[in-house]
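Q: This is the content of my_file-v4.pdb (PDB, C-alpha atoms and all ligand atoms):
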ATOM      1  CA  MET A   1     -14.849  17.327 -24.028
ATOM      2  CA  THR A   2     -17.786  18.963 -22.274
ATOM      3  CA  GLN A   3     -19.960  16.537 -20.325
ATOM      4  CA  ARG A   4     -22.630  16.652 -17.650
ATOM      5  CA  THR A   5     -23.005  14.460 -14.621
ATOM      6  CA  LEU A   6     -25.410  13.822 -11.764
ATOM      7  CA  VAL A   7     -24.174  14.437  -8.228
ATOM      8  CA  LEU A   8     -26.161  13.556  -5.107
ATOM      9  CA  LEU A   9     -24.965  14.747  -1.715
ATOM     10  CA  LYS A  10     -26.291  11.933   0.435
ATOM     11  CA  PRO A  11     -28.284  12.372   3.677
ATOM     12  CA  ASP A  12     -25.126  12.038   5.816
ATOM     13  CA  ALA A  13     -23.516  14.990   4.018
ATOM     14  CA  VAL A  14     -26.616  17.132   4.594
ATOM     15  CA  ARG A  15     -26.970  16.068   8.262
ATOM     16  CA  ARG A  16     -23.298  16.778   8.936
ATOM     17  CA  ALA A  17     -23.487  20.229   7.292
ATOM     18  CA  LEU A  18     -20.873  19.324   4.672
ATOM     19  CA  VAL A  19     -22.891  20.591   1.692
ATOM     20  CA  GLY A  20     -20.960  23.858   1.385
ATOM     21  CA  GLU A  21     -17.621  22.129   1.743
ATOM     22  CA  ILE A  22     -18.380  19.559  -0.951
ATOM     23  CA  VAL A  23     -20.044  22.022  -3.332
ATOM     24  CA  SER A  24     -17.064  24.358  -3.005
ATOM     25  CA  ARG A  25     -14.647  21.628  -4.083
ATOM     26  CA  ILE A  26     -16.693  21.117  -7.241
ATOM     27  CA  GLU A  27     -17.036  24.860  -7.856
ATOM     28  CA  ARG A  28     -13.301  25.448  -7.591
ATOM     29  CA  LYS A  29     -12.480  23.209 -10.558
ATOM     30  CA  ALA A  30     -11.808  25.514 -13.488
ATOM     31  CA  ASP A  31     -14.679  25.952 -15.917
ATOM     32  CA  TRP A  32     -17.044  23.485 -14.293
ATOM     33  CA  ARG A  33     -20.552  24.845 -13.781
ATOM     34  CA  ILE A  34     -23.350  23.805 -11.460
ATOM     35  CA  THR A  35     -26.430  24.129 -13.671
ATOM     36  CA  ALA A  36     -29.031  22.747 -11.244
ATOM     37  CA  LEU A  37     -29.029  22.290  -7.484
ATOM     38  CA  GLU A  38     -31.903  21.326  -5.217
ATOM     39  CA  LEU A  39     -32.425  20.041  -1.683
ATOM     40  CA  ARG A  40     -35.001  17.289  -1.929
ATOM     41  CA  THR A  41     -36.355  14.266  -0.117
ATOM     42  CA  LEU A  42     -36.339  11.259  -2.433
ATOM     43  CA  ASP A  43     -38.997   8.581  -2.730
ATOM     44  CA  ARG A  44     -38.473   4.836  -2.932
ATOM     45  CA  ALA A  45     -39.489   4.575  -6.597
ATOM     46  CA  THR A  46     -36.847   7.091  -7.639
ATOM     47  CA  LEU A  47     -34.170   5.243  -5.669
ATOM     48  CA  GLU A  48     -35.211   1.851  -7.031
ATOM     49  CA  THR A  49     -34.757   3.179 -10.561
ATOM     50  CA  HIS A  50     -31.501   4.935  -9.734
ATOM     51  CA  TYR A  51     -29.941   1.936  -7.984
ATOM     52  CA  ALA A  52     -31.504  -0.752 -10.221
ATOM     53  CA  GLU A  53     -28.085  -2.321 -10.914
ATOM     54  CA  HIS A  54     -27.750  -3.178  -7.220
ATOM     55  CA  VAL A  55     -31.128  -4.890  -6.670
ATOM     56  CA  GLY A  56     -30.595  -8.180  -4.817
ATOM     57  CA  ARG A  57     -27.224  -7.264  -3.353
ATOM     58  CA  PRO A  58     -27.017  -7.512   0.458
ATOM     59  CA  PHE A  59     -26.341  -3.780   0.811
ATOM     60  CA  TYR A  60     -29.246  -2.740  -1.423
ATOM     61  CA  GLU A  61     -32.129  -2.441   1.082
ATOM     62  CA  PRO A  62     -30.046  -0.675   3.774
ATOM     63  CA  LEU A  63     -28.741   1.649   1.056
ATOM     64  CA  VAL A  64     -32.269   2.602  -0.017
ATOM     65  CA  GLU A  65     -33.326   3.114   3.624
ATOM     66  CA  PHE A  66     -30.298   5.323   4.198
ATOM     67  CA  MET A  67     -31.036   7.383   1.098
ATOM     68  CA  LEU A  68     -34.612   7.849   2.388
ATOM     69  CA  SER A  69     -33.433   8.892   5.862
ATOM     70  CA  GLY A  70     -33.238  12.613   5.103
ATOM     71  CA  PRO A  71     -32.963  15.130   2.311
ATOM     72  CA  VAL A  72     -30.241  14.980  -0.317
ATOM     73  CA  VAL A  73     -28.824  17.698  -2.538
ATOM     74  CA  ALA A  74     -29.269  16.796  -6.213
ATOM     75  CA  MET A  75     -27.024  18.647  -8.663
ATOM     76  CA  VAL A  76     -26.152  18.786 -12.325
ATOM     77  CA  VAL A  77     -22.538  19.653 -13.021
ATOM     78  CA  GLU A  78     -21.279  20.458 -16.511
ATOM     79  CA  GLY A  79     -17.794  20.917 -17.877
ATOM     80  CA  GLU A  80     -14.599  19.449 -19.210
ATOM     81  CA  ARG A  81     -14.383  15.685 -18.491
ATOM     82  CA  VAL A  82     -16.666  16.211 -15.529
ATOM     83  CA  VAL A  83     -17.866  12.592 -15.299
ATOM     84  CA  GLU A  84     -14.394  11.214 -14.612
ATOM     85  CA  GLY A  85     -13.397  14.373 -12.767
ATOM     86  CA  VAL A  86     -16.128  14.259 -10.136
ATOM     87  CA  ARG A  87     -15.443  10.566  -9.573
ATOM     88  CA  THR A  88     -11.802  11.499  -8.935
ATOM     89  CA  LEU A  89     -12.811  14.195  -6.438
ATOM     90  CA  THR A  90     -15.164  11.670  -4.804
ATOM     91  CA  GLY A  91     -12.738   8.772  -4.371
ATOM     92  CA  PRO A  92     -13.530   5.055  -4.317
ATOM     93  CA  THR A  93     -16.649   3.591  -2.704
ATOM     94  CA  ASP A  94     -14.940   2.588   0.572
ATOM     95  CA  PRO A  95     -13.979   5.785   2.418
ATOM     96  CA  ILE A  96     -11.229   4.044   4.348
ATOM     97  CA  ALA A  97      -9.574   3.076   1.062
ATOM     98  CA  ALA A  98     -10.136   6.552  -0.397
ATOM     99  CA  ALA A  99      -7.124   8.844  -0.499
ATOM    100  CA  PRO A 100      -6.942  11.870   1.796
ATOM    101  CA  GLY A 101      -7.860  14.880  -0.316
ATOM    102  CA  SER A 102     -10.823  13.104  -1.848
ATOM    103  CA  ILE A 103     -14.296  13.812  -0.454
ATOM    104  CA  ARG A 104     -14.850  10.271   0.801
ATOM    105  CA  GLY A 105     -11.240  10.043   2.015
ATOM    106  CA  ASP A 106     -11.485  13.247   4.010
ATOM    107  CA  TYR A 107     -14.937  12.824   5.566
ATOM    108  CA  GLY A 108     -16.114   9.209   5.406
ATOM    109  CA  THR A 109     -15.605   6.090   7.464
ATOM    110  CA  ILE A 110     -18.286   3.527   6.578
ATOM    111  CA  VAL A 111     -19.054   2.290   3.087
ATOM    112  CA  ARG A 112     -22.789   2.992   2.987
ATOM    113  CA  GLU A 113     -22.544   6.530   4.347
ATOM    114  CA  ASN A 114     -19.966   7.736   1.870
ATOM    115  CA  LEU A 115     -21.364  11.236   1.409
ATOM    116  CA  ILE A 116     -21.736  11.526  -2.358
ATOM    117  CA  HIS A 117     -22.992   9.821  -5.478
ATOM    118  CA  ALA A 118     -21.488  10.680  -8.855
ATOM    119  CA  SER A 119     -22.365   9.089 -12.197
ATOM    120  CA  ASP A 120     -19.735   6.529 -13.210
ATOM    121  CA  SER A 121     -19.860   6.965 -17.025
ATOM    122  CA  GLU A 122     -21.406   9.206 -19.657
ATOM    123  CA  GLU A 123     -24.099   6.576 -20.247
ATOM    124  CA  SER A 124     -24.909   6.403 -16.526
ATOM    125  CA  ALA A 125     -24.982  10.194 -16.368
ATOM    126  CA  GLU A 126     -27.540  10.495 -19.155
ATOM    127  CA  ARG A 127     -29.693   7.769 -17.573
ATOM    128  CA  GLU A 128     -29.484   9.262 -14.076
ATOM    129  CA  LEU A 129     -30.033  12.873 -15.178
ATOM    130  CA  LYS A 130     -33.317  11.798 -16.774
ATOM    131  CA  ILE A 131     -34.404  10.282 -13.445
ATOM    132  CA  PHE A 132     -33.531  13.274 -11.292
ATOM    133  CA  PHE A 133     -34.044  16.169 -13.686
ATOM    134  CA  PRO A 134     -36.690  15.014 -16.169
ATOM    135  CA  GLY A 135     -37.693  17.699 -18.571
ATOM    136  CA  SER A 136     -34.327  19.425 -18.387
ATOM    137  CA  PHE A 137     -32.774  17.129 -20.993
TER
HETATM  138  P1  LIG B   1     -20.258   4.108  -6.007
HETATM  139  O1  LIG B   1     -21.196   5.043  -5.277
HETATM  140  O2  LIG B   1     -18.833   4.337  -5.600
HETATM  141  O3  LIG B   1     -20.468   4.119  -7.504
HETATM  142  P2  LIG B   1     -21.590   1.497  -6.000
HETATM  143  O4  LIG B   1     -20.849   0.203  -6.064
HETATM  144  O5  LIG B   1     -22.315   1.937  -7.238
HETATM  145  O6  LIG B   1     -20.573   2.626  -5.494
HETATM  146  O7  LIG B   1     -22.616   1.375  -4.798
HETATM  147  C1  LIG B   1     -23.609   2.343  -4.618
HETATM  148  C2  LIG B   1     -23.633   2.746  -3.153
HETATM  149  O8  LIG B   1     -24.032   1.620  -2.379
HETATM  150  C3  LIG B   1     -22.275   3.148  -2.565
HETATM  151  O9  LIG B   1     -21.945   4.499  -2.831
HETATM  152  C4  LIG B   1     -22.510   2.886  -1.092
HETATM  153  O10 LIG B   1     -23.285   3.940  -0.509
HETATM  154  C5  LIG B   1     -23.357   1.625  -1.137
HETATM  155  N1  LIG B   1     -22.550   0.397  -1.068
HETATM  156  C6  LIG B   1     -21.848  -0.174  -2.076
HETATM  157  N2  LIG B   1     -21.228  -1.298  -1.655
HETATM  158  C7  LIG B   1     -21.555  -1.434  -0.361
HETATM  159  C8  LIG B   1     -21.203  -2.408   0.646
HETATM  160  O11 LIG B   1     -20.472  -3.357   0.410
HETATM  161  N3  LIG B   1     -21.732  -2.198   1.895
HETATM  162  C9  LIG B   1     -22.544  -1.146   2.177
HETATM  163  N4  LIG B   1     -22.897  -0.224   1.264
HETATM  164  C10 LIG B   1     -22.402  -0.357   0.014
HETATM  165 MG    MG B   2     -22.085   3.411  -8.639
END
Give the structure from this file in structure tokens form.

A:
Amino acid sequence: MTQRTLVLLKPDAVRRALVGEIVSRIERKADWRITALELRTLDRATLETHYAEHVGRPFYEPLVEFMLSGPVVAMVVEGERVVEGVRTLTGPTDPIAAAPGSIRGDYGTIVRENLIHASDSEESAERELKIFFPGSF
């Protein structure tokens, strides 16, 4: 089942020069394709739309500030079961709970600065791709 998903390499990943490492893990999965990739600095309106489900939570404002703190790498990845697959590569939200071998498990320590966003369902992916790559879909 071919799908597409949105991946954001968060400002910590860019600052720590882990972009190549993380992109290479995605590239190595058989038959997945990166069909868009851009370094960009986000604005608050984009993040408020993207993270709308978290408005009002205690971590929301610090999360938005963090995501504004430097450029991110926004990517579209396409391929077989890629929505679930990138989430598996990513690991759970808390990097300390994430297994070694996952991106968050290998490189992260604190929950907010967990290196990567990946859409959590096909519906989320379609919604998020429209936010970050309007016109492409
Ligand atoms: P996810 O990225 O694993 O899907 P979500 O629950 O959707 O996790 O939360 C979005 C982002 O908000 C997380 O990736 C993380 O950066 C941040 N976040 C989530 N929960 C917390 C928390 O309890 N403390 C601090 N930051 C959090
Ligand atoms: Mg999420």

Q: Between A:Arg127, A:Arg104, A:Arg81, A:His54, single out the one closest to ligand MG 2 (chain B), counting all atoms listed in the file.

A: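 Of A:Arg127, A:Arg104, A:Arg81, A:His54, the one nearest ligand MG 2 (chain B) is A:His54, counting all atoms listed in the file.
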
Q: Mind telling me what the PyMOL selection byres (((not hetatm)) within 8 of (chain B and resi 2)) catches here, as a ChimeraX atom specification?

A: /A:117-120

Q: Counting only C-alpha atoms and all ligand atoms, name the residues that have an atom within 8 Å of an atom of ligand LIG 1 (chain B); the answer should be given as a short mmCIF file (atom, residue, chain, number, x, y, z; two decimals) with C-alpha atoms, in the frame of the given file.

A:
data_model
loop_
_atom_site.label_atom_id
_atom_site.label_comp_id
_atom_site.auth_asym_id
_atom_site.auth_seq_id
_atom_site.Cartn_x
_atom_site.Cartn_y
_atom_site.Cartn_z
CA TYR A 51 -29.94 1.94 -7.98
CA HIS A 54 -27.75 -3.18 -7.22
CA PRO A 58 -27.02 -7.51 0.46
CA PHE A 59 -26.34 -3.78 0.81
CA TYR A 60 -29.25 -2.74 -1.42
CA PRO A 62 -30.05 -0.68 3.77
CA LEU A 63 -28.74 1.65 1.06
CA GLY A 91 -12.74 8.77 -4.37
CA PRO A 92 -13.53 5.06 -4.32
CA THR A 93 -16.65 3.59 -2.70
CA ASP A 94 -14.94 2.59 0.57
CA ILE A 110 -18.29 3.53 6.58
CA VAL A 111 -19.05 2.29 3.09
CA ARG A 112 -22.79 2.99 2.99
CA GLU A 113 -22.54 6.53 4.35
CA ASN A 114 -19.97 7.74 1.87
CA LEU A 115 -21.36 11.24 1.41
CA ILE A 116 -21.74 11.53 -2.36
CA HIS A 117 -22.99 9.82 -5.48
CA ALA A 118 -21.49 10.68 -8.86
CA SER A 119 -22.36 9.09 -12.20
CA ASP A 120 -19.74 6.53 -13.21
#

Q: My list of candidates is A:Arg15, A:Lys130, A:Lys29, A:Arg44. Which is closest to Gly79 (chain A) when distances are computed with only C-alpha atoms?

A: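 Checking each of A:Arg15, A:Lys130, A:Lys29, A:Arg44 against Gly79 (chain A), counting only C-alpha atoms, the winner is A:Lys29.
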
Q: Output the residue selection produced by the PyMOL selection byres (((chain A and resi 32-40) around 7) and not hetatm) on the file above, formatted as number ranges by chain.

A: A: 27, 29-31, 41-42, 71-80

Q: For Ile96 (chain A), which of A:Val82, A:Gly70, A:Gly108, A:Pro134 is the closest residue, counting all atoms listed in the file?

A: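 Among A:Val82, A:Gly70, A:Gly108, A:Pro134, it is A:Gly108 that comes nearest to Ile96 (chain A).
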
Q: I'd like the interatomic distance between CA of Ser124 (chain A) and CA of Ser136 (chain A), to a tenth of an Å.

A: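 Going from CA of Ser124 (chain A) over to CA of Ser136 (chain A), I get 16.2 Å.
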